[in-house]
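Listing of coords.pdb, PDB, C-alpha atoms and all ligand atoms
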ATOM      1  CA  MET C  26      31.377 -10.596  -4.833
ATOM      2  CA  SER C  27      30.347 -13.808  -3.202
ATOM      3  CA  THR C  28      30.319 -16.911  -5.337
ATOM      4  CA  ASP C  29      27.034 -18.326  -4.061
ATOM      5  CA  SER C  30      24.216 -18.661  -6.573
ATOM      6  CA  THR C  31      21.674 -16.572  -4.650
ATOM      7  CA  GLN C  32      19.922 -14.133  -6.980
ATOM      8  CA  TYR C  33      19.767 -10.927  -4.998
ATOM      9  CA  ALA C  34      17.306  -8.168  -5.735
ATOM     10  CA  ARG C  35      18.888  -4.880  -6.705
ATOM     11  CA  VAL C  36      17.597  -1.332  -6.669
ATOM     12  CA  ASP C  37      16.472  -0.551 -10.232
ATOM     13  CA  ARG C  38      15.346   2.956  -9.427
ATOM     14  CA  VAL C  39      14.885   5.265  -6.424
ATOM     15  CA  VAL C  40      11.807   7.486  -6.208
ATOM     16  CA  HIS C  41      11.323  10.249  -3.638
ATOM     17  CA  GLY C  42       7.877  10.776  -2.192
ATOM     18  CA  GLN C  43       6.368  14.145  -3.184
ATOM     19  CA  PRO C  44       4.149  16.416  -1.084
ATOM     20  CA  ALA C  45       0.530  16.216  -2.238
ATOM     21  CA  SER C  46      -2.977  16.947  -1.081
ATOM     22  CA  ASP C  47      -6.036  14.756  -1.521
ATOM     23  CA  GLY C  48      -9.543  14.266  -0.178
ATOM     24  CA  ALA C  49     -10.821  17.544   1.264
ATOM     25  CA  GLY C  50      -7.276  18.859   1.748
ATOM     26  CA  VAL C  51      -5.358  16.157   3.588
ATOM     27  CA  ARG C  52      -1.622  16.712   3.270
ATOM     28  CA  LEU C  53       0.334  13.603   2.419
ATOM     29  CA  THR C  54       3.399  12.231   0.666
ATOM     30  CA  ARG C  55       2.615  10.590  -2.694
ATOM     31  CA  VAL C  56       5.126   7.914  -3.605
ATOM     32  CA  ILE C  57       3.348   5.909  -6.338
ATOM     33  CA  GLY C  58       0.630   7.464  -8.481
ATOM     34  CA  GLY C  59       2.307  10.818  -9.157
ATOM     35  CA  ALA C  60       4.048  12.052 -12.285
ATOM     36  CA  GLN C  61       7.380  10.424 -11.474
ATOM     37  CA  LEU C  62       5.986   6.920 -10.865
ATOM     38  CA  PRO C  63       2.413   6.636 -12.232
ATOM     39  CA  ASP C  64       2.194   2.974 -11.329
ATOM     40  CA  LEU C  65       4.206  -0.120 -10.530
ATOM     41  CA  ASP C  66       2.105  -3.023 -11.766
ATOM     42  CA  PRO C  67      -0.035  -4.183  -9.918
ATOM     43  CA  PHE C  68       0.280  -1.144  -7.608
ATOM     44  CA  LEU C  69      -1.452   2.073  -8.647
ATOM     45  CA  LEU C  70      -0.805   4.408  -5.745
ATOM     46  CA  LEU C  71       1.084   4.675  -2.460
ATOM     47  CA  ASP C  72       0.440   7.570  -0.099
ATOM     48  CA  GLU C  73       2.122   8.071   3.264
ATOM     49  CA  PHE C  74       0.216  10.319   5.590
ATOM     50  CA  GLY C  75       2.010  11.391   8.736
ATOM     51  CA  THR C  76       1.545  14.553  10.718
ATOM     52  CA  ASP C  77       1.064  15.904  14.233
ATOM     53  CA  ARG C  78      -0.881  18.894  12.886
ATOM     54  CA  PRO C  79      -4.670  18.404  12.956
ATOM     55  CA  GLU C  80      -5.094  21.025  10.211
ATOM     56  CA  ASP C  81      -3.245  18.626   7.892
ATOM     57  CA  TYR C  82      -5.783  15.814   8.325
ATOM     58  CA  LEU C  83      -9.021  17.083   9.908
ATOM     59  CA  ALA C  84     -10.821  17.609   6.587
ATOM     60  CA  GLY C  85     -10.458  13.897   5.853
ATOM     61  CA  PHE C  86     -11.788  12.134   2.783
ATOM     62  CA  PRO C  87     -15.545  12.804   2.525
ATOM     63  CA  ASP C  88     -17.780  10.660   0.306
ATOM     64  CA  HIS C  89     -16.016   9.511  -2.857
ATOM     65  CA  PRO C  90     -16.351   6.497  -5.173
ATOM     66  CA  HIS C  91     -13.959   3.696  -6.153
ATOM     67  CA  ARG C  92     -14.247   1.104  -8.916
ATOM     68  CA  GLY C  93     -11.956  -1.527 -10.395
ATOM     69  CA  PHE C  94      -9.231  -1.991  -7.762
ATOM     70  CA  GLU C  95      -8.457  -2.403  -4.056
ATOM     71  CA  THR C  96      -7.496   0.148  -1.431
ATOM     72  CA  VAL C  97      -5.289  -0.925   1.465
ATOM     73  CA  THR C  98      -5.183   1.313   4.523
ATOM     74  CA  TYR C  99      -2.574   0.507   7.163
ATOM     75  CA  MET C 100      -2.661   2.704  10.248
ATOM     76  CA  LEU C 101       0.383   3.418  12.401
ATOM     77  CA  ASP C 102      -0.972   6.213  14.603
ATOM     78  CA  GLY C 103      -4.382   7.744  15.023
ATOM     79  CA  ARG C 104      -7.901   6.532  14.308
ATOM     80  CA  MET C 105      -9.880   6.701  11.086
ATOM     81  CA  ARG C 106     -13.587   6.009  10.648
ATOM     82  CA  HIS C 107     -14.778   4.555   7.366
ATOM     83  CA  LYS C 108     -18.362   4.326   6.205
ATOM     84  CA  ASP C 109     -19.779   3.214   2.851
ATOM     85  CA  ASN C 110     -23.091   3.344   0.994
ATOM     86  CA  HIS C 111     -23.660  -0.400   1.520
ATOM     87  CA  GLY C 112     -23.903  -0.009   5.295
ATOM     88  CA  ASN C 113     -20.354  -0.991   6.207
ATOM     89  CA  GLU C 114     -18.732   1.124   8.921
ATOM     90  CA  GLY C 115     -15.809   0.801  11.290
ATOM     91  CA  VAL C 116     -12.851   2.496  12.947
ATOM     92  CA  LEU C 117      -9.284   1.725  11.994
ATOM     93  CA  VAL C 118      -7.002   1.875  15.045
ATOM     94  CA  PRO C 119      -3.180   1.966  15.202
ATOM     95  CA  GLY C 120      -1.700  -1.232  13.788
ATOM     96  CA  SER C 121      -4.865  -2.311  11.984
ATOM     97  CA  VAL C 122      -5.297  -2.919   8.273
ATOM     98  CA  GLN C 123      -8.235  -2.609   5.923
ATOM     99  CA  TRP C 124      -7.928  -4.330   2.546
ATOM    100  CA  MET C 125     -10.963  -3.125   0.630
ATOM    101  CA  THR C 126     -11.891  -4.676  -2.705
ATOM    102  CA  ALA C 127     -13.905  -1.916  -4.360
ATOM    103  CA  GLY C 128     -14.781  -4.153  -7.317
ATOM    104  CA  ARG C 129     -17.799  -2.841  -9.232
ATOM    105  CA  GLY C 130     -18.033   0.107  -6.944
ATOM    106  CA  LEU C 131     -18.892   1.756  -3.675
ATOM    107  CA  VAL C 132     -19.007   5.248  -2.244
ATOM    108  CA  HIS C 133     -17.305   5.768   1.082
ATOM    109  CA  SER C 134     -15.802   8.312   3.437
ATOM    110  CA  GLU C 135     -12.594   8.030   5.440
ATOM    111  CA  MET C 136     -12.565  10.572   8.255
ATOM    112  CA  PRO C 137     -10.240  11.078  11.223
ATOM    113  CA  GLU C 138     -11.805   9.911  14.493
ATOM    114  CA  GLN C 139      -9.740  12.438  16.465
ATOM    115  CA  GLU C 140      -9.251  16.184  16.629
ATOM    116  CA  SER C 141      -5.694  16.270  17.926
ATOM    117  CA  GLY C 142      -2.576  14.140  18.076
ATOM    118  CA  ARG C 143      -0.663  12.264  15.456
ATOM    119  CA  MET C 144      -2.183  10.633  12.385
ATOM    120  CA  ARG C 145       0.141   8.334  10.485
ATOM    121  CA  GLY C 146      -0.254   5.484   8.044
ATOM    122  CA  PHE C 147      -0.346   4.398   4.436
ATOM    123  CA  GLN C 148      -2.795   3.881   1.642
ATOM    124  CA  LEU C 149      -1.855   1.539  -1.180
ATOM    125  CA  TRP C 150      -3.991   0.878  -4.274
ATOM    126  CA  VAL C 151      -3.732  -2.586  -5.768
ATOM    127  CA  ASN C 152      -5.120  -3.227  -9.223
ATOM    128  CA  LEU C 153      -7.590  -6.024  -9.970
ATOM    129  CA  PRO C 154      -7.427  -8.189 -13.091
ATOM    130  CA  ALA C 155     -10.046  -7.485 -15.784
ATOM    131  CA  SER C 156     -11.946 -10.586 -14.693
ATOM    132  CA  ASP C 157     -12.335  -9.238 -11.117
ATOM    133  CA  LYS C 158     -12.961  -5.536 -11.700
ATOM    134  CA  MET C 159     -16.728  -5.891 -11.406
ATOM    135  CA  VAL C 160     -16.879  -8.295  -8.435
ATOM    136  CA  ALA C 161     -19.017  -7.384  -5.436
ATOM    137  CA  PRO C 162     -17.255  -5.069  -2.962
ATOM    138  CA  LYS C 163     -15.571  -6.854  -0.071
ATOM    139  CA  TYR C 164     -13.596  -6.001   3.054
ATOM    140  CA  GLN C 165     -10.738  -7.775   4.761
ATOM    141  CA  GLU C 166     -10.243  -5.841   7.969
ATOM    142  CA  PHE C 167      -7.976  -6.932  10.795
ATOM    143  CA  ALA C 168      -7.244  -5.571  14.256
ATOM    144  CA  PRO C 169      -3.581  -5.311  15.322
ATOM    145  CA  ASP C 170      -3.666  -8.599  17.248
ATOM    146  CA  ARG C 171      -4.670 -10.455  14.062
ATOM    147  CA  ILE C 172      -1.487  -9.421  12.266
ATOM    148  CA  PRO C 173       1.348 -11.834  13.101
ATOM    149  CA  GLN C 174       4.592 -10.304  14.328
ATOM    150  CA  VAL C 175       7.766 -12.378  13.994
ATOM    151  CA  GLU C 176      11.450 -11.901  14.741
ATOM    152  CA  PRO C 177      13.178 -13.771  11.936
ATOM    153  CA  ALA C 178      16.685 -12.550  12.863
ATOM    154  CA  ASP C 179      18.464 -10.642  15.615
ATOM    155  CA  GLY C 180      17.177  -7.082  15.766
ATOM    156  CA  VAL C 181      14.555  -7.697  13.097
ATOM    157  CA  SER C 182      10.828  -7.471  13.742
ATOM    158  CA  VAL C 183       8.265  -8.021  10.983
ATOM    159  CA  LYS C 184       4.513  -7.504  10.982
ATOM    160  CA  VAL C 185       3.092  -9.783   8.305
ATOM    161  CA  VAL C 186       0.034  -8.115   6.794
ATOM    162  CA  ALA C 187       0.169 -10.263   3.650
ATOM    163  CA  GLY C 188       2.511 -13.025   2.550
ATOM    164  CA  GLN C 189       4.589 -15.354   4.645
ATOM    165  CA  VAL C 190       7.625 -14.991   6.920
ATOM    166  CA  ASP C 191       9.102 -17.936   8.832
ATOM    167  CA  GLY C 192       5.812 -19.840   8.685
ATOM    168  CA  ALA C 193       3.756 -16.845   9.860
ATOM    169  CA  GLN C 194       1.016 -16.158   7.330
ATOM    170  CA  GLY C 195      -0.472 -12.704   6.941
ATOM    171  CA  PRO C 196      -4.277 -12.600   7.146
ATOM    172  CA  ILE C 197      -4.925 -11.076   3.706
ATOM    173  CA  ALA C 198      -6.027 -13.380   0.881
ATOM    174  CA  GLN C 199      -5.928 -12.154  -2.729
ATOM    175  CA  PRO C 200      -5.191 -14.932  -5.235
ATOM    176  CA  ALA C 201      -5.191 -12.501  -8.185
ATOM    177  CA  THR C 202      -1.952 -10.748  -7.191
ATOM    178  CA  GLU C 203      -0.705 -12.884  -4.249
ATOM    179  CA  PRO C 204       0.477  -9.763  -2.432
ATOM    180  CA  VAL C 205       3.260  -9.513   0.110
ATOM    181  CA  TYR C 206       2.938  -6.601   2.565
ATOM    182  CA  LEU C 207       5.497  -6.485   5.371
ATOM    183  CA  ASP C 208       6.131  -3.757   7.981
ATOM    184  CA  ILE C 209       9.784  -4.318   8.895
ATOM    185  CA  THR C 210      11.619  -2.748  11.828
ATOM    186  CA  LEU C 211      15.417  -3.103  11.867
ATOM    187  CA  ALA C 212      17.464  -2.289  14.977
ATOM    188  CA  PRO C 213      20.666  -0.268  14.400
ATOM    189  CA  ASP C 214      22.968  -2.213  12.044
ATOM    190  CA  ALA C 215      20.634  -5.225  11.952
ATOM    191  CA  GLY C 216      20.384  -7.197   8.704
ATOM    192  CA  TRP C 217      17.886  -9.553   7.120
ATOM    193  CA  GLN C 218      17.370 -11.422   3.867
ATOM    194  CA  TYR C 219      13.915 -12.214   2.555
ATOM    195  CA  ALA C 220      12.978 -14.257  -0.520
ATOM    196  CA  LEU C 221      10.112 -12.747  -2.505
ATOM    197  CA  PRO C 222       7.790 -14.939  -4.570
ATOM    198  CA  ASP C 223       9.238 -15.548  -8.030
ATOM    199  CA  GLY C 224       8.058 -13.187 -10.748
ATOM    200  CA  HIS C 225       6.543 -10.578  -8.415
ATOM    201  CA  ASN C 226       7.144  -6.876  -8.843
ATOM    202  CA  ALA C 227       8.346  -5.365  -5.586
ATOM    203  CA  PHE C 228       9.280  -2.174  -3.830
ATOM    204  CA  ALA C 229      10.761  -1.143  -0.519
ATOM    205  CA  TYR C 230       9.632   2.135   1.047
ATOM    206  CA  VAL C 231      11.720   3.411   3.948
ATOM    207  CA  PHE C 232       9.780   5.577   6.392
ATOM    208  CA  GLU C 233      12.151   5.786   9.369
ATOM    209  CA  GLY C 234      15.958   5.821   9.553
ATOM    210  CA  ASP C 235      18.044   4.556   6.677
ATOM    211  CA  LEU C 236      19.406   1.307   5.311
ATOM    212  CA  VAL C 237      21.388  -0.339   2.551
ATOM    213  CA  LEU C 238      19.508  -2.595   0.130
ATOM    214  CA  GLY C 239      21.199  -5.152  -2.114
ATOM    215  CA  ALA C 240      24.269  -7.320  -1.943
ATOM    216  CA  GLY C 241      27.847  -6.744  -3.089
ATOM    217  CA  ASP C 242      28.350  -4.196  -5.872
ATOM    218  CA  ASP C 243      24.579  -3.706  -6.140
ATOM    219  CA  ALA C 244      24.177  -2.381  -2.584
ATOM    220  CA  ARG C 245      22.445   1.025  -2.523
ATOM    221  CA  PRO C 246      21.675   3.352   0.385
ATOM    222  CA  LEU C 247      18.050   4.336   0.984
ATOM    223  CA  ALA C 248      16.837   7.132   3.253
ATOM    224  CA  ALA C 249      13.414   7.826   4.724
ATOM    225  CA  GLN C 250      10.727   8.792   2.185
ATOM    226  CA  GLN C 251      12.578   6.959  -0.580
ATOM    227  CA  LEU C 252      11.053   4.081  -2.516
ATOM    228  CA  ALA C 253      13.257   1.543  -4.251
ATOM    229  CA  MET C 254      11.864  -0.330  -7.234
ATOM    230  CA  LEU C 255      13.403  -3.777  -7.065
ATOM    231  CA  GLY C 256      14.660  -5.871  -9.940
ATOM    232  CA  GLY C 257      16.999  -8.759 -10.579
ATOM    233  CA  GLY C 258      16.665 -11.687  -8.210
ATOM    234  CA  ALA C 259      14.142 -12.403  -5.519
ATOM    235  CA  VAL C 260      16.243 -12.286  -2.341
ATOM    236  CA  VAL C 261      16.038  -8.858  -0.735
ATOM    237  CA  ASP C 262      19.105  -8.069   1.360
ATOM    238  CA  LEU C 263      18.555  -5.346   3.981
ATOM    239  CA  ARG C 264      21.054  -3.773   6.383
ATOM    240  CA  ALA C 265      20.018  -0.922   8.663
ATOM    241  CA  GLY C 266      22.167   2.115   9.338
ATOM    242  CA  GLY C 267      23.309   3.204  12.793
ATOM    243  CA  ASP C 268      19.911   4.590  13.778
ATOM    244  CA  GLY C 269      17.946   1.555  12.636
ATOM    245  CA  ALA C 270      15.249   1.667   9.999
ATOM    246  CA  ARG C 271      11.614   0.917   9.358
ATOM    247  CA  LEU C 272      10.226   0.110   5.934
ATOM    248  CA  LEU C 273       7.392  -1.422   3.991
ATOM    249  CA  LEU C 274       8.366  -4.275   1.694
ATOM    250  CA  VAL C 275       5.541  -4.835  -0.764
ATOM    251  CA  ALA C 276       5.286  -7.209  -3.720
ATOM    252  CA  GLY C 277       2.619  -8.526  -6.063
ATOM    253  CA  ARG C 278       2.208 -10.519  -9.224
ATOM    254  CA  PRO C 279       2.009  -8.073 -12.152
ATOM    255  CA  LEU C 280      -1.230  -8.151 -14.131
ATOM    256  CA  ARG C 281       0.237  -6.918 -17.451
ATOM    257  CA  GLU C 282      -3.128  -5.556 -18.596
ATOM    258  CA  PRO C 283      -3.992  -2.113 -20.003
ATOM    259  CA  VAL C 284      -4.633   0.477 -17.290
ATOM    260  CA  VAL C 285      -7.035   3.344 -17.978
ATOM    261  CA  ARG C 286      -7.551   5.442 -14.868
ATOM    262  CA  HIS C 287      -9.450   8.539 -14.089
ATOM    263  CA  GLY C 288      -9.317   9.530 -10.435
ATOM    264  CA  PRO C 289     -11.049   6.816  -8.421
ATOM    265  CA  PHE C 290     -11.941   4.645 -11.429
ATOM    266  CA  VAL C 291      -9.301   2.242 -12.750
ATOM    267  CA  MET C 292     -10.415   0.074 -15.653
ATOM    268  CA  ASN C 293      -8.944  -1.531 -18.800
ATOM    269  CA  THR C 294     -10.570   0.685 -21.469
ATOM    270  CA  ARG C 295     -11.804   4.266 -21.852
ATOM    271  CA  GLN C 296     -15.263   2.899 -22.491
ATOM    272  CA  GLU C 297     -15.276   1.177 -19.092
ATOM    273  CA  VAL C 298     -14.123   4.353 -17.337
ATOM    274  CA  MET C 299     -16.905   6.348 -19.032
ATOM    275  CA  GLN C 300     -19.387   3.668 -17.966
ATOM    276  CA  ALA C 301     -18.097   4.026 -14.387
ATOM    277  CA  PHE C 302     -18.902   7.764 -14.479
ATOM    278  CA  VAL C 303     -22.408   7.055 -15.758
ATOM    279  CA  ASP C 304     -23.038   4.296 -13.203
ATOM    280  CA  TYR C 305     -21.789   6.527 -10.394
ATOM    281  CA  GLN C 306     -23.872   9.521 -11.478
ATOM    282  CA  GLU C 307     -26.959   7.350 -11.830
ATOM    283  CA  GLY C 308     -26.511   5.907  -8.347
ATOM    284  CA  ARG C 309     -25.570   2.356  -9.328
ATOM    285  CA  PHE C 310     -22.599   2.136  -6.971
TER
HETATM  286 FE    FE R   1     -11.294   5.903  -0.520
END

How does this structure look as structure tokens?
Amino acid sequence: MSTDSTQYARVDRVVHGQPASDGAGVRLTRVIGGAQLPDLDPFLLLDEFGTDRPEDYLAGFPDHPHRGFETVTYMLDGRMRHKDNHGNEGVLVPGSVQWMTAGRGLVHSEMPEQESGRMRGFQLWVNLPASDKMVAPKYQEFAPDRIPQVEPADGVSVKVVAGQVDGAQGPIAQPATEPVYLDITLAPDAGWQYALPDGHNAFAYVFEGDLVLGAGDDARPLAAQQLAMLGGGAVVDLRAGGDGARLLLVAGRPLREPVVRHGPFVMNTRQEVMQAFVDYQEGRF
């Protein structure tokens, strides 16, 4: 072991994404939000969708409600049209991000804007603190050219959706959880160290290639479709394998509040979830 005082993050637990189906029958890989990892405060769900088969995605996600949290859609391939009951509409293109604060509620659809070709990306759900669960809905949506891309080390390329890398600031603002959301590409055998904000919960999700995460005796291999829950110190040490790697590194300040969820409603009490059902059914979203 080295004798420096750097507090390196270690892998506390590895979780494998599980095949799942959501919306009107979209096939995806559920990483957070399933039985094995119900949540990772402040994160409530992580889905990876990635397929070349139109029958896996064509049905899309027709009208459905959300209340009490944020949905983050990050597209890698393909185009998705979103439309809500407040008149907001747009198309997410490859490399774009939509950070949607559902707050007190909206009803929207997310439908593929293509009938063939590859559809690939992620949806992450980020919880809101009790004080923000009933705020007005809000969108932070950014085209690919609004997301800074930096090369902080040899063979390392990082798209900064949220957080900061080498002075490049991601466009997303959310003071409640101060999220970090990085899309990191490592060339074969390339390495990088990144210091997370103190006190954040964090995970790494590898979606291409493989890598080793952690320093010294704590180093652990991670393969594609594996999520590592991080603990210990704040400095994440990454080293790609011989084929390179691509991963999401995501972190946020934990809320440490009660979570009562039912489908698309995530509140602090059962009473609030029941109220969400009533408000939805009575058209108050
Ligand atoms: Fe949705």

Excluding C:Gln139 and residues on its chain fewer than 4 positions from it, collect all residues at most 12 Å away from it, counting only C-alpha atoms, and give them as a PyMOL selection string. chain C and resi 77-80+82-85+102-106+116-118+143-144

Name the closest residue to ligand FE 1 (chain R) among the candidates C:Ala249, C:Val97, C:Val40, C:Leu236; distances are taken between atoms, counting all atoms listed in the file. C:Val97

The PyMOL selection byres (((not hetatm)) within 10 of (chain R and resi 1)) on the file shown: which residues, as a list in words?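 Applied to this file, the PyMOL selection byres (((not hetatm)) within 10 of (chain R and resi 1)) returns Gly48, Phe86, Pro87, Asp88, His89, Pro90, His91, Glu95, Thr96, Val97, Thr98, His107, Lys108, Asp109, Met125, Ala127, Leu131, Val132, His133, Ser134, Glu135, Gln148, Trp150 and Pro289 of chain C.
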
Selection from above, C-alpha atoms, as a JSON list (two decimals), in the coordinates of the input, can you write it?
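The resulting file, out-v3.json, is reproduced below:
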[["chain", "number", "residue", "atom", "x", "y", "z"],
["C", 48, "GLY", "CA", -9.54, 14.27, -0.18],
["C", 86, "PHE", "CA", -11.79, 12.13, 2.78],
["C", 87, "PRO", "CA", -15.54, 12.80, 2.52],
["C", 88, "ASP", "CA", -17.78, 10.66, 0.31],
["C", 89, "HIS", "CA", -16.02, 9.51, -2.86],
["C", 90, "PRO", "CA", -16.35, 6.50, -5.17],
["C", 91, "HIS", "CA", -13.96, 3.70, -6.15],
["C", 95, "GLU", "CA", -8.46, -2.40, -4.06],
["C", 96, "THR", "CA", -7.50, 0.15, -1.43],
["C", 97, "VAL", "CA", -5.29, -0.92, 1.46],
["C", 98, "THR", "CA", -5.18, 1.31, 4.52],
["C", 107, "HIS", "CA", -14.78, 4.56, 7.37],
["C", 108, "LYS", "CA", -18.36, 4.33, 6.20],
["C", 109, "ASP", "CA", -19.78, 3.21, 2.85],
["C", 125, "MET", "CA", -10.96, -3.12, 0.63],
["C", 127, "ALA", "CA", -13.90, -1.92, -4.36],
["C", 131, "LEU", "CA", -18.89, 1.76, -3.68],
["C", 132, "VAL", "CA", -19.01, 5.25, -2.24],
["C", 133, "HIS", "CA", -17.30, 5.77, 1.08],
["C", 134, "SER", "CA", -15.80, 8.31, 3.44],
["C", 135, "GLU", "CA", -12.59, 8.03, 5.44],
["C", 148, "GLN", "CA", -2.80, 3.88, 1.64],
["C", 150, "TRP", "CA", -3.99, 0.88, -4.27],
["C", 289, "PRO", "CA", -11.05, 6.82, -8.42]]

Any idea what the distance is between atom CA of C:Thr76 and atom CA of C:Trp217?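 Answer for the atom CA of C:Thr76 to atom CA of C:Trp217 separation: 29.3 Å.
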
Evaluate the PyMOL selection byres (((chain C and resi 308) around 12) and not hetatm) on the structure here and hand back the selected residues as a ChimeraX atom specification. /C:90,110,130-132,301-307,309-310

Selection result of the PyMOL selection byres (((chain C and resi 270-287) around 6) and not hetatm) on this file, as a PyMOL selection string: chain C and resi 66-67+202-211+225-235+265+269+288+290-294

For C:Leu71, the nearest of the candidates C:Gln250, C:Gln123, C:Thr31, C:Gln218, counting only C-alpha atoms: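 Closest to C:Leu71 of all the choices is C:Gln250.
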
As an exercise, work out the distance from atom CA of C:Leu153 to atom CA of C:Gly128 in Å and give it to one decimal place. 7.9 Å

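As for atom CA of C:Lys163 and atom CA of C:Val51, they are spaced 25.4 Å apart.
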
Using only C-alpha atoms, I'd like a table of the residues in stretch 37-91 of chain C that come within 12 Å of stretch 252-260 of chain C; for each, show the closest atom pair and its distance in Å rounded to one decimal, ordered by chain and ascending number, as a Markdown table.
| residue | atom | partner | partner_atom | distance |
| --- | --- | --- | --- | --- |
| C:Asp37 | CA | C:Leu255 | CA | 5.5 |
| C:Arg38 | CA | C:Met254 | CA | 5.3 |
| C:Val39 | CA | C:Ala253 | CA | 4.6 |
| C:Val40 | CA | C:Leu252 | CA | 5.1 |
| C:His41 | CA | C:Leu252 | CA | 6.3 |
| C:Gly42 | CA | C:Leu252 | CA | 7.4 |
| C:Gln43 | CA | C:Leu252 | CA | 11.1 |
| C:Thr54 | CA | C:Leu252 | CA | 11.6 |
| C:Arg55 | CA | C:Leu252 | CA | 10.7 |
| C:Val56 | CA | C:Leu252 | CA | 7.1 |
| C:Ile57 | CA | C:Leu252 | CA | 8.8 |
| C:Gln61 | CA | C:Leu252 | CA | 11.6 |
| C:Leu62 | CA | C:Met254 | CA | 10.0 |
| C:Asp64 | CA | C:Met254 | CA | 11.0 |
| C:Leu65 | CA | C:Met254 | CA | 8.3 |
| C:Asp66 | CA | C:Met254 | CA | 11.1 |
| C:Phe68 | CA | C:Met254 | CA | 11.6 |
| C:Leu71 | CA | C:Leu252 | CA | 10.0 |
| C:Asp72 | CA | C:Leu252 | CA | 11.4 |
| C:Glu73 | CA | C:Leu252 | CA | 11.4 |

Atoms kept (C-alpha atoms) for selection, written as a short mmCIF file (atom, residue, chain, number, x, y, z; two decimals), in the coordinates of the input:
data_model
loop_
_atom_site.label_atom_id
_atom_site.label_comp_id
_atom_site.auth_asym_id
_atom_site.auth_seq_id
_atom_site.Cartn_x
_atom_site.Cartn_y
_atom_site.Cartn_z
CA ASP C 37 16.47 -0.55 -10.23
CA ARG C 38 15.35 2.96 -9.43
CA VAL C 39 14.88 5.26 -6.42
CA VAL C 40 11.81 7.49 -6.21
CA HIS C 41 11.32 10.25 -3.64
CA GLY C 42 7.88 10.78 -2.19
CA GLN C 43 6.37 14.14 -3.18
CA THR C 54 3.40 12.23 0.67
CA ARG C 55 2.62 10.59 -2.69
CA VAL C 56 5.13 7.91 -3.60
CA ILE C 57 3.35 5.91 -6.34
CA GLN C 61 7.38 10.42 -11.47
CA LEU C 62 5.99 6.92 -10.86
CA ASP C 64 2.19 2.97 -11.33
CA LEU C 65 4.21 -0.12 -10.53
CA ASP C 66 2.10 -3.02 -11.77
CA PHE C 68 0.28 -1.14 -7.61
CA LEU C 71 1.08 4.68 -2.46
CA ASP C 72 0.44 7.57 -0.10
CA GLU C 73 2.12 8.07 3.26
#

Excluding same-chain residues fewer than 6 positions from C:Asp170, what lies within 12 Å of it counting all atoms listed in the file, as JSON, numbers by chain? {"C": [118, 119, 120, 121, 122, 184, 185, 186, 195, 196]}

Find the residue from C:Asp268, C:Pro173, C:Trp124, C:Ala168 that sits nearest to C:Ala198; use only C-alpha atoms when measuring.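 Selected residue with least distance to C:Ala198: C:Trp124.
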
Rank C:Ala201, C:Asp179, C:Gly142, C:Ala187 by their smallest atom-to-atom distance to C:Ser156, using only C-alpha atoms, and report the top residue only. C:Ala201

Of the residues C:Val190, C:Ser141, C:Leu69, C:Tyr164, which is the one nearest to C:Glu114, using only C-alpha atoms?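 Among the listed residues, the smallest separation from C:Glu114 belongs to C:Tyr164.
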